[in-house]
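**Student:** My file is entry.cif. It has mmCIF, C-alpha atoms, pLDDT in the B column; chains and numbers go by the auth columns:
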data_work
#
loop_
_atom_site.group_PDB
_atom_site.id
_atom_site.type_symbol
_atom_site.label_atom_id
_atom_site.label_comp_id
_atom_site.label_asym_id
_atom_site.label_seq_id
_atom_site.Cartn_x
_atom_site.Cartn_y
_atom_site.Cartn_z
_atom_site.B_iso_or_equiv
_atom_site.auth_seq_id
_atom_site.auth_asym_id
ATOM 1 C CA MET A 1 177.476 98.470 59.458 42.00 1 A
ATOM 2 C CA GLN A 2 177.672 95.536 57.170 45.00 2 A
ATOM 3 C CA ALA A 3 176.081 95.812 53.784 48.00 3 A
ATOM 4 C CA LYS A 4 172.690 94.170 53.371 48.00 4 A
ATOM 5 C CA ALA A 5 172.910 90.407 52.977 53.00 5 A
ATOM 6 C CA LYS A 6 172.766 89.560 49.312 59.00 6 A
ATOM 7 C CA ALA A 7 169.263 88.403 48.335 72.00 7 A
ATOM 8 C CA LYS A 8 169.063 84.781 47.293 83.00 8 A
ATOM 9 C CA SER A 9 169.132 84.335 43.579 88.00 9 A
ATOM 10 C CA GLU A 10 168.641 81.590 41.084 90.00 10 A
ATOM 11 C CA LYS A 11 170.578 81.056 37.908 90.00 11 A
ATOM 12 C CA ILE A 12 168.585 80.210 34.804 89.00 12 A
ATOM 13 C CA ASP A 13 170.359 79.018 31.673 91.00 13 A
ATOM 14 C CA ILE A 14 168.591 79.929 28.487 92.00 14 A
ATOM 15 C CA ARG A 15 169.820 78.950 25.047 94.00 15 A
ATOM 16 C CA PHE A 16 169.306 81.465 22.235 94.00 16 A
ATOM 17 C CA SER A 17 170.014 81.112 18.543 96.00 17 A
ATOM 18 C CA GLN A 18 172.859 83.309 17.286 96.00 18 A
ATOM 19 C CA GLN A 19 170.368 85.532 15.543 96.00 19 A
ATOM 20 C CA GLU A 20 168.258 85.958 18.690 95.00 20 A
ATOM 21 C CA ALA A 21 171.309 86.689 20.781 95.00 21 A
ATOM 22 C CA SER A 22 172.503 89.313 18.348 95.00 22 A
ATOM 23 C CA ILE A 23 169.111 91.077 18.349 95.00 23 A
ATOM 24 C CA ILE A 24 169.058 91.049 22.156 95.00 24 A
ATOM 25 C CA LYS A 25 172.592 92.415 22.285 95.00 25 A
ATOM 26 C CA GLN A 26 171.671 95.227 19.939 95.00 26 A
ATOM 27 C CA ALA A 27 168.526 96.114 21.922 93.00 27 A
ATOM 28 C CA ALA A 28 170.397 95.976 25.225 94.00 28 A
ATOM 29 C CA SER A 29 173.053 98.353 23.944 94.00 29 A
ATOM 30 C CA LEU A 30 170.336 100.771 22.753 92.00 30 A
ATOM 31 C CA GLN A 31 169.064 100.853 26.334 89.00 31 A
ATOM 32 C CA HIS A 32 172.572 101.196 27.735 92.00 32 A
ATOM 33 C CA THR A 33 172.478 97.926 29.597 93.00 33 A
ATOM 34 C CA ASN A 34 173.919 94.447 29.224 94.00 34 A
ATOM 35 C CA MET A 35 172.167 91.402 27.791 93.00 35 A
ATOM 36 C CA SER A 36 171.612 89.765 31.132 93.00 36 A
ATOM 37 C CA ASN A 37 169.916 92.825 32.637 92.00 37 A
ATOM 38 C CA PHE A 38 167.906 93.388 29.517 92.00 38 A
ATOM 39 C CA VAL A 39 166.590 89.842 29.321 93.00 39 A
ATOM 40 C CA ARG A 40 165.827 89.798 33.039 91.00 40 A
ATOM 41 C CA GLN A 41 163.902 93.077 33.048 86.00 41 A
ATOM 42 C CA GLN A 42 161.903 92.170 29.967 88.00 42 A
ATOM 43 C CA ALA A 43 161.081 88.696 31.218 89.00 43 A
ATOM 44 C CA VAL A 44 160.007 89.866 34.671 84.00 44 A
ATOM 45 C CA GLY A 45 157.869 92.627 33.191 80.00 45 A
ATOM 46 C CA ALA A 46 156.174 90.230 30.785 82.00 46 A
ATOM 47 C CA ALA A 47 155.642 87.629 33.517 82.00 47 A
ATOM 48 C CA GLU A 48 154.075 90.187 35.851 75.00 48 A
ATOM 49 C CA ALA A 49 151.759 91.339 33.109 73.00 49 A
ATOM 50 C CA VAL A 50 150.640 87.767 32.416 77.00 50 A
ATOM 51 C CA ILE A 51 149.963 87.111 36.099 74.00 51 A
ATOM 52 C CA HIS A 52 148.108 90.380 36.455 69.00 52 A
ATOM 53 C CA ASP A 53 145.976 89.651 33.444 71.00 53 A
ATOM 54 C CA GLN A 54 144.909 86.233 34.577 79.00 54 A
ATOM 55 C CA THR A 55 141.128 86.089 34.514 85.00 55 A
ATOM 56 C CA ARG A 56 140.321 82.767 36.186 88.00 56 A
ATOM 57 C CA PHE A 57 141.196 82.152 39.805 89.00 57 A
ATOM 58 C CA ALA A 58 140.748 78.774 41.417 89.00 58 A
ATOM 59 C CA VAL A 59 140.127 78.722 45.156 92.00 59 A
ATOM 60 C CA SER A 60 140.216 75.828 47.610 91.00 60 A
ATOM 61 C CA ALA A 61 137.087 74.221 49.049 89.00 61 A
ATOM 62 C CA GLU A 62 137.649 75.999 52.349 91.00 62 A
ATOM 63 C CA GLN A 63 138.054 79.390 50.699 94.00 63 A
ATOM 64 C CA TRP A 64 135.031 78.731 48.503 93.00 64 A
ATOM 65 C CA THR A 65 132.907 78.155 51.611 92.00 65 A
ATOM 66 C CA LEU A 66 133.987 81.500 53.075 94.00 66 A
ATOM 67 C CA ILE A 67 133.261 83.294 49.806 95.00 67 A
ATOM 68 C CA GLU A 68 129.864 81.627 49.426 93.00 68 A
ATOM 69 C CA ALA A 69 128.934 82.501 53.012 94.00 69 A
ATOM 70 C CA ALA A 70 129.705 86.154 52.375 96.00 70 A
ATOM 71 C CA LEU A 71 127.691 86.111 49.146 95.00 71 A
ATOM 72 C CA GLN A 72 124.712 84.544 50.951 94.00 72 A
ATOM 73 C CA ARG A 73 124.496 86.941 53.873 96.00 73 A
ATOM 74 C CA PRO A 74 122.105 89.903 53.675 97.00 74 A
ATOM 75 C CA ALA A 75 123.410 93.143 52.148 97.00 75 A
ATOM 76 C CA GLN A 76 124.719 95.770 54.543 97.00 76 A
ATOM 77 C CA VAL A 77 125.035 99.532 54.446 97.00 77 A
ATOM 78 C CA LEU A 78 128.701 100.414 54.917 97.00 78 A
ATOM 79 C CA PRO A 79 129.258 103.734 56.729 96.00 79 A
ATOM 80 C CA ASN A 80 132.795 104.537 55.535 97.00 80 A
ATOM 81 C CA LEU A 81 131.900 103.671 51.972 97.00 81 A
ATOM 82 C CA GLN A 82 128.833 105.852 52.253 96.00 82 A
ATOM 83 C CA LYS A 83 130.976 108.797 53.333 95.00 83 A
ATOM 84 C CA LYS A 84 133.283 108.279 50.364 95.00 84 A
ATOM 85 C CA LEU A 85 130.464 107.934 47.877 95.00 85 A
ATOM 86 C CA ALA A 86 128.655 110.976 49.269 93.00 86 A
ATOM 87 C CA THR A 87 131.498 113.375 48.448 91.00 87 A
ATOM 88 C CA THR A 88 130.651 115.705 45.600 87.00 88 A
ATOM 89 C CA ASP A 89 132.996 115.629 42.665 91.00 89 A
ATOM 90 C CA ASP A 90 133.215 117.666 39.434 89.00 90 A
ATOM 91 C CA TRP A 91 133.741 114.383 37.648 91.00 91 A
ATOM 92 C CA ASP A 92 130.160 113.365 38.462 88.00 92 A
ATOM 93 C CA GLN A 93 128.744 116.190 36.308 81.00 93 A
ATOM 94 C CA MET B 1 142.043 121.048 37.022 84.00 1 B
ATOM 95 C CA VAL B 2 142.059 117.410 36.192 90.00 2 B
ATOM 96 C CA SER B 3 140.026 115.948 33.363 90.00 3 B
ATOM 97 C CA LYS B 4 137.152 113.558 33.906 92.00 4 B
ATOM 98 C CA PRO B 5 138.306 109.919 33.790 95.00 5 B
ATOM 99 C CA VAL B 6 138.167 108.485 30.256 95.00 6 B
ATOM 100 C CA LYS B 7 139.100 105.277 28.525 95.00 7 B
ATOM 101 C CA LEU B 8 142.750 105.094 27.489 96.00 8 B
ATOM 102 C CA THR B 9 143.382 105.736 23.781 95.00 9 B
ATOM 103 C CA LYS B 10 146.508 105.820 21.660 93.00 10 B
ATOM 104 C CA GLU B 11 146.343 109.638 21.671 95.00 11 B
ATOM 105 C CA HIS B 12 147.238 109.706 25.376 95.00 12 B
ATOM 106 C CA ASP B 13 150.810 110.552 26.322 95.00 13 B
ATOM 107 C CA LEU B 14 152.116 107.959 28.775 95.00 14 B
ATOM 108 C CA SER B 15 155.801 108.736 28.412 94.00 15 B
ATOM 109 C CA GLN B 16 156.019 111.119 31.373 93.00 16 B
ATOM 110 C CA PHE B 17 154.105 108.931 33.795 96.00 17 B
ATOM 111 C CA ASP B 18 155.979 107.763 36.879 95.00 18 B
ATOM 112 C CA CYS B 19 154.099 106.644 39.988 94.00 19 B
ATOM 113 C CA GLY B 20 157.221 105.511 41.822 91.00 20 B
ATOM 114 C CA ASN B 21 156.320 101.839 41.443 88.00 21 B
ATOM 115 C CA GLY B 22 158.255 100.244 38.562 85.00 22 B
ATOM 116 C CA PRO B 23 155.782 97.547 37.510 84.00 23 B
ATOM 117 C CA LEU B 24 152.762 99.884 37.712 90.00 24 B
ATOM 118 C CA THR B 25 154.556 102.483 35.594 93.00 25 B
ATOM 119 C CA THR B 26 155.854 99.963 33.069 89.00 26 B
ATOM 120 C CA TRP B 27 152.503 98.252 32.746 89.00 27 B
ATOM 121 C CA LEU B 28 150.769 101.485 31.788 94.00 28 B
ATOM 122 C CA GLN B 29 153.436 102.467 29.293 93.00 29 B
ATOM 123 C CA LYS B 30 153.986 99.097 27.663 89.00 30 B
ATOM 124 C CA TYR B 31 150.989 96.872 28.139 88.00 31 B
ATOM 125 C CA ALA B 32 147.866 98.892 28.935 92.00 32 B
ATOM 126 C CA LEU B 33 146.868 99.800 25.387 92.00 33 B
ATOM 127 C CA GLN B 34 147.896 96.443 24.005 88.00 34 B
ATOM 128 C CA ASN B 35 145.763 94.697 26.645 85.00 35 B
ATOM 129 C CA GLN B 36 142.802 96.890 25.960 88.00 36 B
ATOM 130 C CA THR B 37 143.001 96.273 22.222 84.00 37 B
ATOM 131 C CA ALA B 38 143.200 92.536 22.845 80.00 38 B
ATOM 132 C CA ASN B 39 140.059 92.830 24.974 77.00 39 B
ATOM 133 C CA HIS B 40 141.841 92.013 28.221 83.00 40 B
ATOM 134 C CA ALA B 41 142.169 94.536 31.043 88.00 41 B
ATOM 135 C CA LYS B 42 140.690 97.961 30.301 93.00 42 B
ATOM 136 C CA THR B 43 142.322 101.164 31.473 96.00 43 B
ATOM 137 C CA VAL B 44 140.728 104.438 32.557 96.00 44 B
ATOM 138 C CA VAL B 45 142.963 107.513 32.734 97.00 45 B
ATOM 139 C CA ILE B 46 142.935 111.102 33.979 96.00 46 B
ATOM 140 C CA THR B 47 144.961 113.949 32.471 96.00 47 B
ATOM 141 C CA GLU B 48 145.579 117.590 33.264 89.00 48 B
ATOM 142 C CA ASP B 49 142.857 119.645 31.582 84.00 49 B
ATOM 143 C CA ASP B 50 143.701 120.611 27.999 82.00 50 B
ATOM 144 C CA SER B 51 146.492 118.105 27.777 92.00 51 B
ATOM 145 C CA ASN B 52 146.807 114.471 26.857 94.00 52 B
ATOM 146 C CA ILE B 53 149.467 113.775 29.479 95.00 53 B
ATOM 147 C CA VAL B 54 148.247 111.000 31.753 96.00 54 B
ATOM 148 C CA ILE B 55 148.634 111.634 35.496 96.00 55 B
ATOM 149 C CA GLY B 56 146.674 108.712 36.893 97.00 56 B
ATOM 150 C CA TYR B 57 144.944 105.482 35.921 97.00 57 B
ATOM 151 C CA TYR B 58 143.145 102.397 37.010 96.00 58 B
ATOM 152 C CA SER B 59 142.790 99.187 35.081 94.00 59 B
ATOM 153 C CA TYR B 60 140.031 96.685 35.532 94.00 60 B
ATOM 154 C CA ASN B 61 138.905 93.353 34.273 92.00 61 B
ATOM 155 C CA ILE B 62 136.054 90.962 34.858 93.00 62 B
ATOM 156 C CA ILE B 63 137.506 87.796 36.320 92.00 63 B
ATOM 157 C CA SER B 64 135.943 84.610 37.530 93.00 64 B
ATOM 158 C CA VAL B 65 136.519 82.920 40.852 93.00 65 B
ATOM 159 C CA GLU B 66 136.192 79.175 40.506 91.00 66 B
ATOM 160 C CA HIS B 67 136.168 76.204 42.817 88.00 67 B
ATOM 161 C CA SER B 68 139.362 74.231 42.264 84.00 68 B
ATOM 162 C CA GLU B 69 137.349 71.014 42.141 77.00 69 B
ATOM 163 C CA SER B 70 134.713 72.115 39.652 62.00 70 B
ATOM 164 C CA THR B 71 135.649 69.280 37.335 59.00 71 B
ATOM 165 C CA PRO B 72 133.422 68.011 34.526 58.00 72 B
ATOM 166 C CA VAL B 73 132.541 64.990 36.727 57.00 73 B
ATOM 167 C CA ARG B 74 131.072 67.237 39.387 55.00 74 B
ATOM 168 C CA VAL B 75 129.209 69.230 36.785 54.00 75 B
ATOM 169 C CA SER B 76 127.695 66.079 35.278 55.00 76 B
ATOM 170 C CA LYS B 77 126.579 64.954 38.733 58.00 77 B
ATOM 171 C CA GLY B 78 124.739 68.229 39.186 56.00 78 B
ATOM 172 C CA LEU B 79 127.195 69.476 41.798 56.00 79 B
ATOM 173 C CA ALA B 80 128.442 72.336 39.693 60.00 80 B
ATOM 174 C CA ARG B 81 129.731 75.268 41.621 78.00 81 B
ATOM 175 C CA HIS B 82 129.175 78.120 39.278 86.00 82 B
ATOM 176 C CA PRO B 83 132.072 80.490 38.730 90.00 83 B
ATOM 177 C CA ILE B 84 131.612 83.846 40.454 93.00 84 B
ATOM 178 C CA PRO B 85 132.171 86.893 38.231 95.00 85 B
ATOM 179 C CA VAL B 86 134.103 89.669 39.939 96.00 86 B
ATOM 180 C CA PHE B 87 135.176 93.200 38.990 96.00 87 B
ATOM 181 C CA LEU B 88 138.933 93.283 39.580 95.00 88 B
ATOM 182 C CA VAL B 89 140.702 96.626 39.948 95.00 89 B
ATOM 183 C CA ALA B 90 144.147 95.250 39.303 88.00 90 B
ATOM 184 C CA ARG B 91 145.973 98.545 39.250 92.00 91 B
ATOM 185 C CA LEU B 92 145.448 102.079 40.498 95.00 92 B
ATOM 186 C CA ALA B 93 148.249 104.622 40.351 95.00 93 B
ATOM 187 C CA ILE B 94 148.858 108.361 40.415 96.00 94 B
ATOM 188 C CA ASP B 95 151.887 110.141 38.978 96.00 95 B
ATOM 189 C CA ASN B 96 154.389 111.328 41.616 95.00 96 B
ATOM 190 C CA LYS B 97 153.961 114.972 40.582 94.00 97 B
ATOM 191 C CA SER B 98 150.217 114.796 41.210 93.00 98 B
ATOM 192 C CA LYS B 99 150.220 112.992 44.533 92.00 99 B
ATOM 193 C CA GLY B 100 148.748 114.575 47.676 91.00 100 B
ATOM 194 C CA GLN B 101 145.696 115.945 45.844 92.00 101 B
ATOM 195 C CA ASN B 102 143.324 113.161 46.778 94.00 102 B
ATOM 196 C CA LEU B 103 143.264 112.001 43.148 95.00 103 B
ATOM 197 C CA GLY B 104 143.718 108.332 44.038 96.00 104 B
ATOM 198 C CA SER B 105 140.660 108.433 46.260 96.00 105 B
ATOM 199 C CA ARG B 106 138.565 110.288 43.685 96.00 106 B
ATOM 200 C CA LEU B 107 139.634 107.920 40.946 96.00 107 B
ATOM 201 C CA PHE B 108 138.892 104.849 43.030 97.00 108 B
ATOM 202 C CA ARG B 109 135.470 106.245 43.948 97.00 109 B
ATOM 203 C CA ARG B 110 134.804 106.526 40.225 96.00 110 B
ATOM 204 C CA ALA B 111 135.951 102.945 39.721 96.00 111 B
ATOM 205 C CA LEU B 112 133.377 101.805 42.287 97.00 112 B
ATOM 206 C CA LEU B 113 130.606 103.823 40.661 95.00 113 B
ATOM 207 C CA HIS B 114 131.713 102.341 37.352 94.00 114 B
ATOM 208 C CA ALA B 115 131.430 98.809 38.771 96.00 115 B
ATOM 209 C CA ALA B 116 127.975 99.571 40.200 96.00 116 B
ATOM 210 C CA GLU B 117 126.891 100.908 36.829 94.00 117 B
ATOM 211 C CA ILE B 118 128.003 97.928 34.767 93.00 118 B
ATOM 212 C CA SER B 119 126.551 95.496 37.318 93.00 119 B
ATOM 213 C CA ASP B 120 123.264 96.189 35.576 89.00 120 B
ATOM 214 C CA GLN B 121 124.505 94.293 32.543 91.00 121 B
ATOM 215 C CA VAL B 122 127.244 92.046 33.927 89.00 122 B
ATOM 216 C CA PRO B 123 126.360 89.832 36.888 91.00 123 B
ATOM 217 C CA ILE B 124 129.375 90.782 39.026 95.00 124 B
ATOM 218 C CA ARG B 125 129.109 89.831 42.693 96.00 125 B
ATOM 219 C CA ALA B 126 132.075 91.643 44.207 97.00 126 B
ATOM 220 C CA ILE B 127 134.916 94.069 43.628 98.00 127 B
ATOM 221 C CA ILE B 128 138.428 92.844 44.321 97.00 128 B
ATOM 222 C CA VAL B 129 141.556 94.990 44.632 96.00 129 B
ATOM 223 C CA ASP B 130 145.250 94.271 44.999 91.00 130 B
ATOM 224 C CA ALA B 131 146.510 95.734 48.269 90.00 131 B
ATOM 225 C CA ILE B 132 150.246 95.650 47.649 84.00 132 B
ATOM 226 C CA ASP B 133 151.345 97.253 50.936 88.00 133 B
ATOM 227 C CA ASP B 134 150.129 98.743 54.232 93.00 134 B
ATOM 228 C CA GLY B 135 149.391 102.067 52.588 91.00 135 B
ATOM 229 C CA ALA B 136 147.164 100.373 50.041 93.00 136 B
ATOM 230 C CA ARG B 137 145.410 98.344 52.739 95.00 137 B
ATOM 231 C CA LYS B 138 144.615 101.512 54.711 96.00 138 B
ATOM 232 C CA PHE B 139 143.438 103.225 51.564 96.00 139 B
ATOM 233 C CA TYR B 140 140.975 100.459 50.696 97.00 140 B
ATOM 234 C CA ASN B 141 139.923 100.136 54.331 96.00 141 B
ATOM 235 C CA ARG B 142 138.573 103.651 54.150 97.00 142 B
ATOM 236 C CA PHE B 143 136.168 102.342 51.505 98.00 143 B
ATOM 237 C CA ASP B 144 135.166 99.477 53.824 98.00 144 B
ATOM 238 C CA PHE B 145 137.057 96.847 51.846 98.00 145 B
ATOM 239 C CA GLU B 146 137.901 93.735 53.838 97.00 146 B
ATOM 240 C CA PRO B 147 140.497 91.000 53.444 96.00 147 B
ATOM 241 C CA TYR B 148 139.563 88.660 50.603 96.00 148 B
ATOM 242 C CA PRO B 149 139.323 85.095 51.984 94.00 149 B
ATOM 243 C CA ALA B 150 141.264 83.475 49.142 92.00 150 B
ATOM 244 C CA ASP B 151 144.274 85.781 48.842 91.00 151 B
ATOM 245 C CA GLY B 152 146.013 87.687 51.626 89.00 152 B
ATOM 246 C CA LEU B 153 147.221 90.405 49.260 90.00 153 B
ATOM 247 C CA ARG B 154 143.771 91.170 48.000 95.00 154 B
ATOM 248 C CA MET B 155 140.769 92.901 49.527 97.00 155 B
ATOM 249 C CA TRP B 156 137.147 92.825 48.475 98.00 156 B
ATOM 250 C CA LEU B 157 133.809 94.541 48.716 98.00 157 B
ATOM 251 C CA LEU B 158 130.543 92.767 47.991 98.00 158 B
ATOM 252 C CA LEU B 159 128.570 94.354 45.217 98.00 159 B
ATOM 253 C CA LYS B 160 125.289 93.976 47.123 97.00 160 B
ATOM 254 C CA ASP B 161 126.734 96.125 49.936 98.00 161 B
ATOM 255 C CA LEU B 162 127.822 98.780 47.453 97.00 162 B
ATOM 256 C CA ILE B 163 124.368 98.838 45.853 96.00 163 B
ATOM 257 C CA LYS B 164 122.571 98.886 49.204 96.00 164 B
ATOM 258 C CA THR B 165 124.804 101.712 50.437 96.00 165 B
ATOM 259 C CA GLN B 166 124.096 103.667 47.259 94.00 166 B
ATOM 260 C CA GLN B 167 120.348 103.105 47.557 93.00 167 B
ATOM 261 C CA THR B 168 120.314 104.295 51.169 91.00 168 B
ATOM 262 C CA MET B 169 121.991 107.516 50.079 85.00 169 B
ATOM 263 C CA LYS B 170 119.401 108.110 47.368 79.00 170 B
ATOM 264 C CA LEU B 171 116.590 107.632 49.888 76.00 171 B
ATOM 265 C CA GLN B 172 118.146 110.172 52.236 73.00 172 B
ATOM 266 C CA LYS B 173 118.284 112.829 49.536 61.00 173 B
#
Please lay out the structure from this file as structure tokens.

**Tutor:**
Amino acid sequence: MQAKAKAKSEKIDIRFSQQEASIIKQAASLQHTNMSNFVRQQAVGAAEAVIHDQTRFAVSAEQWTLIEAALQRPAQVLPNLQKKLATTDDWDQ
Amino acid sequence: MVSKPVKLTKEHDLSQFDCGNGPLTTWLQKYALQNQTANHAKTVVITEDDSNIVIGYYSYNIISVEHSESTPVRVSKGLARHPIPVFLVARLAIDNKSKGQNLGSRLFRRALLHAAEISDQVPIRAIIVDAIDDGARKFYNRFDFEPYPADGLRMWLLLKDLIKTQQTMKLQK
């Protein structure tokens, strides 16, 4: 069987000062990887953290209407949730 | 035995944690404490009794859901659509070595009770979770979470339903 098709990728050129590049090189070698891998992993990790830690979310008018409708309807008792909450747990002591 | 869930501190050992999901593992090890100190997302952890080695965690934050057109003009015209505060459980993960012991479910149950408790002081209207795959969707389904209208990868539970469900249980006791 043929190997998996290579995922599409995008090349990003980033310019670093000599000093920055040398620090990155040193850090990459400490983690037994190359500069490119190091920069990529660090950048993706930091980007994911930023996205995850976003605290304001804008929604469209249509979505807002759906959310508002749910917030306006009367409260319901949820049977599966009730089962889960009713379990006894040492942690509740 | 597993310890009662507590707030993450710098005394906790995160180095051995591996939940099999790279970003969830990395976030705990690199960003969780830093975020908590900066008053962003807070993290609650469980450890094996008598040890400080973390085997599971959830992180939460209070976020606000806002109408994309809530511009100052609208506000000045009295058409403000007030932001909706929500309890977001952005991450929930259990270490590979501790899986299959129902810890994820117990921990999430605690997260819900936690949300219900703070809703006394913070006017949260719902709980939102990230359902990253089918497994996660099934997991949250068992707590009666439903698809969140504004994001296909998220699910939500209305706080009023949680409170009403809790009250019904108290009445039955």

**Student:** Which residues come within 9 Å of Ser3 (chain B), counting all atoms listed in the file, excluding same-chain residues fewer than 5 positions away, as number ranges by chain?

**Tutor:** A: 91; B: 45-51

**Student:** Since we have the selection now, will you write its residues out, keeping C-alpha atoms, as a short mmCIF file (atom, residue, chain, number, x, y, z; two decimals), in the frame of the given file?

**Tutor:**
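Final output, selection16.cif:
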data_model
loop_
_atom_site.label_atom_id
_atom_site.label_comp_id
_atom_site.auth_asym_id
_atom_site.auth_seq_id
_atom_site.Cartn_x
_atom_site.Cartn_y
_atom_site.Cartn_z
CA TRP A 91 133.74 114.38 37.65
CA VAL B 45 142.96 107.51 32.73
CA ILE B 46 142.94 111.10 33.98
CA THR B 47 144.96 113.95 32.47
CA GLU B 48 145.58 117.59 33.26
CA ASP B 49 142.86 119.64 31.58
CA ASP B 50 143.70 120.61 28.00
CA SER B 51 146.49 118.10 27.78
#

**Student:** Tell me, as a list in words, which residues lie within 12 Å of Thr55 (chain A), counting all atoms listed in the file; anything in the same chain fewer than 3 positions away does not count.

**Tutor:** Ala49, Val50, Ile51, His52 and Ala58 of chain A; Asn39, His40, Ala41, Tyr60, Asn61, Ile62, Ile63, Ser64, Val65, Glu66, Pro83, Ile84, Pro85, Val86, Phe87, Leu88, Val89 and Ala90 of chain B

**Student:** Quick check, in Å to one decimal: how far apart do CA of Lys83 (chain A) and CA of Ile127 (chain B) lie?

**Tutor:** 18.1 Å

**Student:** Return the neighbours of chain A among the residues of chain B, cut-off 9 Å, counting only C-alpha atoms, as a PyMOL selection string.

**Tutor:** chain B and resi 2-5+23+26-27+31+35+40-41+61-69+83+90-91+105-106+109-110+112-113+125-126+141-145+148-151+158-166+168-169

**Student:** Can you work out the spacing between CA of Leu103 (chain B) and CA of Gln16 (chain B) in Å, to one decimal?

**Tutor:** 17.4 Å

**Student:** Which residues would end up in the selection if the PyMOL selection byres ((chain B and resi 97) around 12) were applied here, given that I need the answer as a ChimeraX atom specification?

**Tutor:** /B:16-20,48,54-56,93-96,98-101,103

**Student:** Interatomic distance between CA of Leu30 (chain A) and CA of Ile53 (chain B)?

**Tutor:**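 So the answer is 25.5 Å.
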
**Student:** Adding 3 Å on each side of the box along x, y and z that holds all listed atoms of region 44-63 of chain B, could you give its centre and edge lengths in Å to one decimal, as AutoDock Vina command-line options?

**Tutor:**
--center_x 142.8 --center_y 104.2 --center_z 31.9 --size_x 19.4 --size_y 38.8 --size_z 16.2

**Student:** Can you pull out every residue within 12 Å of Val39 (chain A), counting only C-alpha atoms, but drop anything in the same chain fewer than 4 positions away, and send it as a list in words?

**Tutor:**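 Neighbouring residues, sequence-local ones excluded: Ile12, Asp13, Ile14, Phe16, Glu20, Ala21, Ile23, Ile24, Lys25, Gln26, Ala27, Ala28, Ser29, Gln31, Thr33, Asn34, Met35, Ala43, Val44, Gly45, Ala46 and Ala47 of chain A.
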